[in-house]
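Dropping work.tsv in here (TSV, N, CA and C atoms and all ligand atoms):
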```
chain	number	residue	atom	x	y	z
A	1	MET	N	67.25	70.52	103.10
A	1	MET	CA	67.69	70.66	101.72
A	1	MET	C	68.60	71.89	101.54
A	2	MET	N	68.20	73.01	102.21
A	2	MET	CA	69.02	74.23	102.09
A	2	MET	C	70.40	74.05	102.70
A	3	ASP	N	70.48	73.22	103.77
A	3	ASP	CA	71.78	72.96	104.37
A	3	ASP	C	72.71	72.29	103.37
A	4	ILE	N	72.19	71.36	102.60
A	4	ILE	CA	73.00	70.66	101.60
A	4	ILE	C	73.44	71.63	100.52
A	5	VAL	N	72.51	72.48	100.06
A	5	VAL	CA	72.83	73.46	99.02
A	5	VAL	C	73.88	74.43	99.53
A	6	ASN	N	73.70	74.91	100.76
A	6	ASN	CA	74.67	75.86	101.32
A	6	ASN	C	76.04	75.21	101.54
A	7	SER	N	76.03	73.96	101.98
A	7	SER	CA	77.30	73.24	102.16
A	7	SER	C	78.00	73.07	100.82
A	8	TYR	N	77.22	72.73	99.79
A	8	TYR	CA	77.79	72.56	98.46
A	8	TYR	C	78.39	73.88	97.97
A	9	ARG	N	77.64	74.97	98.14
A	9	ARG	CA	78.15	76.29	97.71
A	9	ARG	C	79.42	76.66	98.45
A	10	MET	N	79.46	76.39	99.75
A	10	MET	CA	80.65	76.69	100.54
A	10	MET	C	81.83	75.85	100.06
A	11	ALA	N	81.57	74.58	99.78
A	11	ALA	CA	82.65	73.71	99.30
A	11	ALA	C	83.19	74.21	97.97
A	12	VAL	N	82.30	74.60	97.07
A	12	VAL	CA	82.73	75.12	95.76
A	12	VAL	C	83.54	76.39	95.96
A	13	TYR	N	83.09	77.27	96.83
A	13	TYR	CA	83.79	78.53	97.11
A	13	TYR	C	85.19	78.26	97.64
A	14	LEU	N	85.31	77.33	98.58
A	14	LEU	CA	86.61	77.02	99.18
A	14	LEU	C	87.55	76.35	98.18
A	15	VAL	N	87.03	75.43	97.39
A	15	VAL	CA	87.87	74.73	96.40
A	15	VAL	C	88.33	75.72	95.33
A	16	ARG	N	87.43	76.60	94.88
A	16	ARG	CA	87.80	77.60	93.87
A	16	ARG	C	88.87	78.54	94.43
A	17	GLY	N	88.70	78.96	95.69
A	17	GLY	CA	89.69	79.84	96.31
A	17	GLY	C	91.03	79.16	96.43
A	18	ALA	N	91.02	77.88	96.84
A	18	ALA	CA	92.28	77.14	96.98
A	18	ALA	C	92.96	76.99	95.62
A	19	TRP	N	92.18	76.71	94.58
A	19	TRP	CA	92.75	76.56	93.23
A	19	TRP	C	93.37	77.86	92.76
A	20	LYS	N	92.68	78.99	92.98
A	20	LYS	CA	93.24	80.29	92.59
A	20	LYS	C	94.53	80.58	93.34
A	21	CYS	N	94.57	80.17	94.61
A	21	CYS	CA	95.78	80.38	95.42
A	21	CYS	C	96.93	79.56	94.84
A	22	VAL	N	96.66	78.33	94.45
A	22	VAL	CA	97.70	77.48	93.84
A	22	VAL	C	98.21	78.13	92.56
A	23	LEU	N	97.31	78.60	91.72
A	23	LEU	CA	97.72	79.24	90.46
A	23	LEU	C	98.57	80.49	90.73
A	24	ALA	N	98.18	81.28	91.74
A	24	ALA	CA	98.95	82.48	92.08
A	24	ALA	C	100.36	82.11	92.53
A	25	GLN	N	100.47	81.05	93.33
A	25	GLN	CA	101.79	80.59	93.80
A	25	GLN	C	102.64	80.12	92.62
A	26	VAL	N	102.04	79.39	91.69
A	26	VAL	CA	102.78	78.89	90.52
A	26	VAL	C	103.29	80.07	89.69
A	27	ARG	N	102.42	81.05	89.44
A	27	ARG	CA	102.84	82.24	88.67
A	27	ARG	C	104.03	82.92	89.35
A	28	TRP	N	103.91	83.03	90.65
A	28	TRP	CA	104.95	83.73	91.42
A	28	TRP	C	106.26	82.96	91.39
A	29	PHE	N	106.22	81.64	91.62
A	29	PHE	CA	107.44	80.81	91.58
A	29	PHE	C	108.08	80.90	90.20
A	30	GLN	N	107.26	80.84	89.14
A	30	GLN	CA	107.80	80.87	87.78
A	30	GLN	C	108.47	82.21	87.47
A	31	SER	N	108.04	83.27	88.16
A	31	SER	CA	108.63	84.58	87.88
A	31	SER	C	109.89	84.83	88.71
A	32	GLY	N	110.28	83.90	89.53
A	32	GLY	CA	111.48	84.07	90.34
A	32	GLY	C	111.19	84.57	91.74
A	33	GLU	N	109.94	84.44	92.19
A	33	GLU	CA	109.54	84.79	93.57
A	33	GLU	C	109.92	86.22	93.94
A	34	ARG	N	109.59	87.14	93.08
A	34	ARG	CA	109.92	88.54	93.35
A	34	ARG	C	108.83	89.21	94.17
A	35	TYR	N	109.27	90.03	95.13
A	35	TYR	CA	108.33	90.78	95.98
A	35	TYR	C	108.14	92.19	95.43
A	36	SER	N	106.99	92.76	95.70
A	36	SER	CA	106.72	94.15	95.32
A	36	SER	C	107.67	95.08	96.07
A	37	THR	N	108.03	96.17	95.43
A	37	THR	CA	108.79	97.19	96.15
A	37	THR	C	107.85	97.85	97.16
A	38	SER	N	108.43	98.62	98.08
A	38	SER	CA	107.57	99.28	99.08
A	38	SER	C	106.62	100.26	98.42
A	39	GLU	N	107.06	100.91	97.31
A	39	GLU	CA	106.18	101.84	96.59
A	39	GLU	C	105.02	101.09	95.92
A	40	GLN	N	105.34	99.95	95.30
A	40	GLN	CA	104.29	99.15	94.66
A	40	GLN	C	103.31	98.62	95.70
A	41	LEU	N	103.84	98.15	96.84
A	41	LEU	CA	102.98	97.62	97.89
A	41	LEU	C	102.05	98.71	98.41
A	42	LYS	N	102.59	99.91	98.64
A	42	LYS	CA	101.76	101.00	99.14
A	42	LYS	C	100.67	101.36	98.13
A	43	GLU	N	101.06	101.43	96.85
A	43	GLU	CA	100.09	101.79	95.81
A	43	GLU	C	98.95	100.75	95.77
A	44	ARG	N	99.31	99.47	95.87
A	44	ARG	CA	98.29	98.42	95.84
A	44	ARG	C	97.37	98.49	97.05
A	45	LEU	N	97.99	98.64	98.23
A	45	LEU	CA	97.18	98.66	99.45
A	45	LEU	C	96.33	99.93	99.54
A	46	ASP	N	96.79	101.01	98.89
A	46	ASP	CA	95.98	102.23	98.86
A	46	ASP	C	94.65	101.97	98.13
A	47	HIS	N	94.64	101.00	97.22
A	47	HIS	CA	93.39	100.62	96.56
A	47	HIS	C	92.60	99.61	97.41
A	48	CYS	N	93.34	98.65	97.98
A	48	CYS	CA	92.66	97.54	98.69
A	48	CYS	C	92.04	97.97	100.02
A	49	VAL	N	92.75	98.79	100.78
A	49	VAL	CA	92.26	99.11	102.13
A	49	VAL	C	90.86	99.73	102.11
A	50	PRO	N	90.58	100.72	101.24
A	50	PRO	CA	89.22	101.26	101.24
A	50	PRO	C	88.24	100.51	100.32
A	51	CYS	N	88.70	99.43	99.72
A	51	CYS	CA	87.89	98.75	98.70
A	51	CYS	C	86.62	98.12	99.29
A	52	GLU	N	85.55	98.22	98.56
A	52	GLU	CA	84.27	97.65	98.98
A	52	GLU	C	84.29	96.13	98.98
A	53	PHE	N	85.28	95.52	98.35
A	53	PHE	CA	85.37	94.06	98.28
A	53	PHE	C	86.36	93.49	99.31
A	54	ARG	N	86.85	94.32	100.20
A	54	ARG	CA	87.74	93.84	101.28
A	54	ARG	C	86.88	93.42	102.47
A	55	ALA	N	87.16	92.22	103.01
A	55	ALA	CA	86.47	91.74	104.21
A	55	ALA	C	87.41	90.83	104.98
A	56	ASN	N	87.59	91.10	106.26
A	56	ASN	CA	88.48	90.28	107.10
A	56	ASN	C	89.86	90.12	106.47
A	57	GLU	N	90.37	91.21	105.94
A	57	GLU	CA	91.71	91.26	105.32
A	57	GLU	C	91.85	90.32	104.12
A	58	ARG	N	90.72	89.96	103.53
A	58	ARG	CA	90.75	89.17	102.29
A	58	ARG	C	90.00	89.93	101.21
A	59	CYS	N	90.37	89.63	99.97
A	59	CYS	CA	89.63	90.17	98.83
A	59	CYS	C	88.50	89.19	98.52
A	60	THR	N	87.27	89.66	98.57
A	60	THR	CA	86.15	88.76	98.34
A	60	THR	C	85.93	88.47	96.85
A	61	MET	N	86.64	89.20	96.00
A	61	MET	CA	86.54	88.92	94.56
A	61	MET	C	87.36	87.69	94.18
A	62	CYS	N	88.48	87.48	94.87
A	62	CYS	CA	89.34	86.33	94.53
A	62	CYS	C	89.61	85.44	95.74
A	63	ASN	N	89.16	85.86	96.93
A	63	ASN	CA	89.34	85.11	98.17
A	63	ASN	C	90.80	85.05	98.63
A	64	CYS	N	91.64	85.97	98.16
A	64	CYS	CA	93.05	85.96	98.56
A	64	CYS	C	93.26	86.85	99.78
A	65	PRO	N	94.25	86.51	100.63
A	65	PRO	CA	94.65	87.44	101.70
A	65	PRO	C	95.31	88.66	101.06
A	66	ILE	N	94.83	89.85	101.40
A	66	ILE	CA	95.20	91.05	100.66
A	66	ILE	C	96.68	91.39	100.76
A	67	VAL	N	97.24	91.35	101.95
A	67	VAL	CA	98.64	91.76	102.07
A	67	VAL	C	99.55	90.81	101.30
A	68	GLU	N	99.34	89.50	101.47
A	68	GLU	CA	100.16	88.53	100.76
A	68	GLU	C	100.00	88.69	99.24
A	69	LYS	N	98.78	88.92	98.81
A	69	LYS	CA	98.52	89.13	97.38
A	69	LYS	C	99.28	90.35	96.88
A	70	ALA	N	99.20	91.45	97.63
A	70	ALA	CA	99.85	92.69	97.20
A	70	ALA	C	101.37	92.57	97.20
A	71	MET	N	101.91	91.67	98.02
A	71	MET	CA	103.37	91.52	98.09
A	71	MET	C	103.95	90.75	96.90
A	72	MET	N	103.12	89.99	96.20
A	72	MET	CA	103.62	89.17	95.09
A	72	MET	C	103.52	89.95	93.78
A	73	THR	N	104.67	90.19	93.14
A	73	THR	CA	104.68	91.04	91.93
A	73	THR	C	103.74	90.55	90.84
A	74	THR	N	103.56	89.23	90.77
A	74	THR	CA	102.77	88.66	89.67
A	74	THR	C	101.27	88.75	89.89
A	75	GLU	N	100.85	89.15	91.09
A	75	GLU	CA	99.41	89.24	91.36
A	75	GLU	C	98.81	90.50	90.75
A	76	PHE	N	97.50	90.51	90.64
A	76	PHE	CA	96.77	91.63	90.06
A	76	PHE	C	95.38	91.70	90.69
A	77	CYS	N	94.79	92.87	90.63
A	77	CYS	CA	93.44	93.05	91.14
A	77	CYS	C	92.45	92.44	90.13
A	78	PRO	N	91.52	91.59	90.59
A	78	PRO	CA	90.57	90.96	89.66
A	78	PRO	C	89.60	91.95	89.00
A	79	ILE	N	89.51	93.17	89.52
A	79	ILE	CA	88.64	94.15	88.86
A	79	ILE	C	89.46	95.36	88.38
A	80	ASP	N	90.78	95.13	88.16
A	80	ASP	CA	91.65	96.11	87.51
A	80	ASP	C	91.89	97.41	88.27
A	81	LYS	N	91.81	97.36	89.61
A	81	LYS	CA	92.16	98.57	90.36
A	81	LYS	C	93.68	98.74	90.40
A	82	TRP	N	94.42	97.62	90.31
A	82	TRP	CA	95.89	97.68	90.17
A	82	TRP	C	96.33	96.49	89.34
A	83	LYS	N	97.51	96.66	88.75
A	83	LYS	CA	97.99	95.67	87.78
A	83	LYS	C	99.16	94.86	88.32
A	84	SER	N	99.44	93.75	87.65
A	84	SER	CA	100.62	92.94	87.93
A	84	SER	C	101.86	93.71	87.55
A	85	ASN	N	102.94	93.50	88.32
A	85	ASN	CA	104.24	94.07	87.94
A	85	ASN	C	105.19	92.94	87.53
A	86	GLY	N	104.61	91.75	87.36
A	86	GLY	CA	105.44	90.59	87.06
A	86	GLY	C	105.63	90.42	85.59
B	1	LIG	S1	92.46	93.16	94.95
B	1	LIG	FE1	91.09	94.64	93.96
B	1	LIG	S2	89.02	93.92	94.38
B	1	LIG	FE2	90.39	92.89	95.79
B	1	LIG	S3	90.36	94.15	97.66
B	1	LIG	FE3	92.11	94.83	96.40
B	1	LIG	S4	91.32	96.53	95.18
B	1	LIG	FE4	89.56	95.38	95.97
```
Please express the file's structure as structure tokens.
Amino acid sequence: MMDIVNSYRMAVYLVRGAWKCVLAQVRWFQSGERYSTSEQLKERLDHCVPCEFRANERCTMCNCPIVEKAMMTTEFCPIDKWKSNG
């Protein structure tokens, strides 16, 4: 029974992460696909690298790959450590 529950939770986690990724891509395309400047990228990564929610180069709060997330101007930290520049 626990295997089914854990599989269900994993499926929900993966689908939610994929959906958030799609929304992030749409926001970015709509903004003209602008990349962060090197200063913005550094400022964002200065928060992400030591963050307690970073694991395997992903943000566990939103399940996004951190570097790719930080490179997109329209992205933002889900707990407000850094803001969108989009
Ligand atoms: S986006 Fe925010 S919560 Fe996620 S790893 Fe970076 S600083 Fe932490």
Any residue with an atom at most 8 Å from ligand LIG 1 (chain B) counts, using all atoms listed in the file. Which are they? Put them as a PyMOL selection string.
chain A and resi 44-55+57-64+66+69-70+76-82
For the selection just defined, write its residues with N, CA and C atoms to a file, as a PDB file, in the coordinates of the input.
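Once written, selection.pdb looks like this:
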```
ATOM      1  N   ARG A  44      99.310  99.470  95.870  1.00  0.00           N
ATOM      2  CA  ARG A  44      98.290  98.420  95.840  1.00  0.00           C
ATOM      3  C   ARG A  44      97.370  98.490  97.050  1.00  0.00           C
ATOM      4  N   LEU A  45      97.990  98.640  98.230  1.00  0.00           N
ATOM      5  CA  LEU A  45      97.180  98.660  99.450  1.00  0.00           C
ATOM      6  C   LEU A  45      96.330  99.930  99.540  1.00  0.00           C
ATOM      7  N   ASP A  46      96.790 101.010  98.890  1.00  0.00           N
ATOM      8  CA  ASP A  46      95.980 102.230  98.860  1.00  0.00           C
ATOM      9  C   ASP A  46      94.650 101.970  98.130  1.00  0.00           C
ATOM     10  N   HIS A  47      94.640 101.000  97.220  1.00  0.00           N
ATOM     11  CA  HIS A  47      93.390 100.620  96.560  1.00  0.00           C
ATOM     12  C   HIS A  47      92.600  99.610  97.410  1.00  0.00           C
ATOM     13  N   CYS A  48      93.340  98.650  97.980  1.00  0.00           N
ATOM     14  CA  CYS A  48      92.660  97.540  98.690  1.00  0.00           C
ATOM     15  C   CYS A  48      92.040  97.970 100.020  1.00  0.00           C
ATOM     16  N   VAL A  49      92.750  98.790 100.780  1.00  0.00           N
ATOM     17  CA  VAL A  49      92.260  99.110 102.130  1.00  0.00           C
ATOM     18  C   VAL A  49      90.860  99.730 102.110  1.00  0.00           C
ATOM     19  N   PRO A  50      90.580 100.720 101.240  1.00  0.00           N
ATOM     20  CA  PRO A  50      89.220 101.260 101.240  1.00  0.00           C
ATOM     21  C   PRO A  50      88.240 100.510 100.320  1.00  0.00           C
ATOM     22  N   CYS A  51      88.700  99.430  99.720  1.00  0.00           N
ATOM     23  CA  CYS A  51      87.890  98.750  98.700  1.00  0.00           C
ATOM     24  C   CYS A  51      86.620  98.120  99.290  1.00  0.00           C
ATOM     25  N   GLU A  52      85.550  98.220  98.560  1.00  0.00           N
ATOM     26  CA  GLU A  52      84.270  97.650  98.980  1.00  0.00           C
ATOM     27  C   GLU A  52      84.290  96.130  98.980  1.00  0.00           C
ATOM     28  N   PHE A  53      85.280  95.520  98.350  1.00  0.00           N
ATOM     29  CA  PHE A  53      85.370  94.060  98.280  1.00  0.00           C
ATOM     30  C   PHE A  53      86.360  93.490  99.310  1.00  0.00           C
ATOM     31  N   ARG A  54      86.850  94.320 100.200  1.00  0.00           N
ATOM     32  CA  ARG A  54      87.740  93.840 101.280  1.00  0.00           C
ATOM     33  C   ARG A  54      86.880  93.420 102.470  1.00  0.00           C
ATOM     34  N   ALA A  55      87.160  92.220 103.010  1.00  0.00           N
ATOM     35  CA  ALA A  55      86.470  91.740 104.210  1.00  0.00           C
ATOM     36  C   ALA A  55      87.410  90.830 104.980  1.00  0.00           C
ATOM     37  N   GLU A  57      90.370  91.210 105.940  1.00  0.00           N
ATOM     38  CA  GLU A  57      91.710  91.260 105.320  1.00  0.00           C
ATOM     39  C   GLU A  57      91.850  90.320 104.120  1.00  0.00           C
ATOM     40  N   ARG A  58      90.720  89.960 103.530  1.00  0.00           N
ATOM     41  CA  ARG A  58      90.750  89.170 102.290  1.00  0.00           C
ATOM     42  C   ARG A  58      90.000  89.930 101.210  1.00  0.00           C
ATOM     43  N   CYS A  59      90.370  89.630  99.970  1.00  0.00           N
ATOM     44  CA  CYS A  59      89.630  90.170  98.830  1.00  0.00           C
ATOM     45  C   CYS A  59      88.500  89.190  98.520  1.00  0.00           C
ATOM     46  N   THR A  60      87.270  89.660  98.570  1.00  0.00           N
ATOM     47  CA  THR A  60      86.150  88.760  98.340  1.00  0.00           C
ATOM     48  C   THR A  60      85.930  88.470  96.850  1.00  0.00           C
ATOM     49  N   MET A  61      86.640  89.200  96.000  1.00  0.00           N
ATOM     50  CA  MET A  61      86.540  88.920  94.560  1.00  0.00           C
ATOM     51  C   MET A  61      87.360  87.690  94.180  1.00  0.00           C
ATOM     52  N   CYS A  62      88.480  87.480  94.870  1.00  0.00           N
ATOM     53  CA  CYS A  62      89.340  86.330  94.530  1.00  0.00           C
ATOM     54  C   CYS A  62      89.610  85.440  95.740  1.00  0.00           C
ATOM     55  N   ASN A  63      89.160  85.860  96.930  1.00  0.00           N
ATOM     56  CA  ASN A  63      89.340  85.110  98.170  1.00  0.00           C
ATOM     57  C   ASN A  63      90.800  85.050  98.630  1.00  0.00           C
ATOM     58  N   CYS A  64      91.640  85.970  98.160  1.00  0.00           N
ATOM     59  CA  CYS A  64      93.050  85.960  98.560  1.00  0.00           C
ATOM     60  C   CYS A  64      93.260  86.850  99.780  1.00  0.00           C
ATOM     61  N   ILE A  66      94.830  89.850 101.400  1.00  0.00           N
ATOM     62  CA  ILE A  66      95.200  91.050 100.660  1.00  0.00           C
ATOM     63  C   ILE A  66      96.680  91.390 100.760  1.00  0.00           C
ATOM     64  N   LYS A  69      98.780  88.920  98.810  1.00  0.00           N
ATOM     65  CA  LYS A  69      98.520  89.130  97.380  1.00  0.00           C
ATOM     66  C   LYS A  69      99.280  90.350  96.880  1.00  0.00           C
ATOM     67  N   ALA A  70      99.200  91.450  97.630  1.00  0.00           N
ATOM     68  CA  ALA A  70      99.850  92.690  97.200  1.00  0.00           C
ATOM     69  C   ALA A  70     101.370  92.570  97.200  1.00  0.00           C
ATOM     70  N   PHE A  76      97.500  90.510  90.640  1.00  0.00           N
ATOM     71  CA  PHE A  76      96.770  91.630  90.060  1.00  0.00           C
ATOM     72  C   PHE A  76      95.380  91.700  90.690  1.00  0.00           C
ATOM     73  N   CYS A  77      94.790  92.870  90.630  1.00  0.00           N
ATOM     74  CA  CYS A  77      93.440  93.050  91.140  1.00  0.00           C
ATOM     75  C   CYS A  77      92.450  92.440  90.130  1.00  0.00           C
ATOM     76  N   PRO A  78      91.520  91.590  90.590  1.00  0.00           N
ATOM     77  CA  PRO A  78      90.570  90.960  89.660  1.00  0.00           C
ATOM     78  C   PRO A  78      89.600  91.950  89.000  1.00  0.00           C
ATOM     79  N   ILE A  79      89.510  93.170  89.520  1.00  0.00           N
ATOM     80  CA  ILE A  79      88.640  94.150  88.860  1.00  0.00           C
ATOM     81  C   ILE A  79      89.460  95.360  88.380  1.00  0.00           C
ATOM     82  N   ASP A  80      90.780  95.130  88.160  1.00  0.00           N
ATOM     83  CA  ASP A  80      91.650  96.110  87.510  1.00  0.00           C
ATOM     84  C   ASP A  80      91.890  97.410  88.270  1.00  0.00           C
ATOM     85  N   LYS A  81      91.810  97.360  89.610  1.00  0.00           N
ATOM     86  CA  LYS A  81      92.160  98.570  90.360  1.00  0.00           C
ATOM     87  C   LYS A  81      93.680  98.740  90.400  1.00  0.00           C
ATOM     88  N   TRP A  82      94.420  97.620  90.310  1.00  0.00           N
ATOM     89  CA  TRP A  82      95.890  97.680  90.170  1.00  0.00           C
ATOM     90  C   TRP A  82      96.330  96.490  89.340  1.00  0.00           C
TER      91      TRP A  82
END
```
Just give me the gap between atom CA of Tyr35 of chain A and atom CA of Thr73 of chain A in Å, one decimal is fine.
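So the answer is 5.5 Å.
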Based on DSSP run over this structure's backbone, return all residues of chain A in strand (DSSP E), as a PyMOL selection string.
chain A and resi 54-55+58-59
Grab the atom CA of Arg34 of chain A to atom CA of Ala18 of chain A distance for me, in Å with one decimal place.
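Going from atom CA of Arg34 of chain A over to atom CA of Ala18 of chain A covers 21.3 Å.
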Between atom N of Asn56 of chain A and atom CA of Glu68 of chain A, what distance in Å does the model show, to one decimal?
14.0 Å
Per DSSP on the backbone, what are the helix (DSSP H, G or I) residues of chain A, as JSON, numbers by chain?
{"A": [2, 3, 4, 5, 6, 7, 8, 9, 10, 11, 12, 13, 14, 15, 16, 17, 18, 19, 20, 21, 22, 23, 24, 25, 26, 27, 28, 29, 30, 38, 39, 40, 41, 42, 43, 44, 45, 46, 47, 48, 66, 67, 68, 69, 70, 71]}
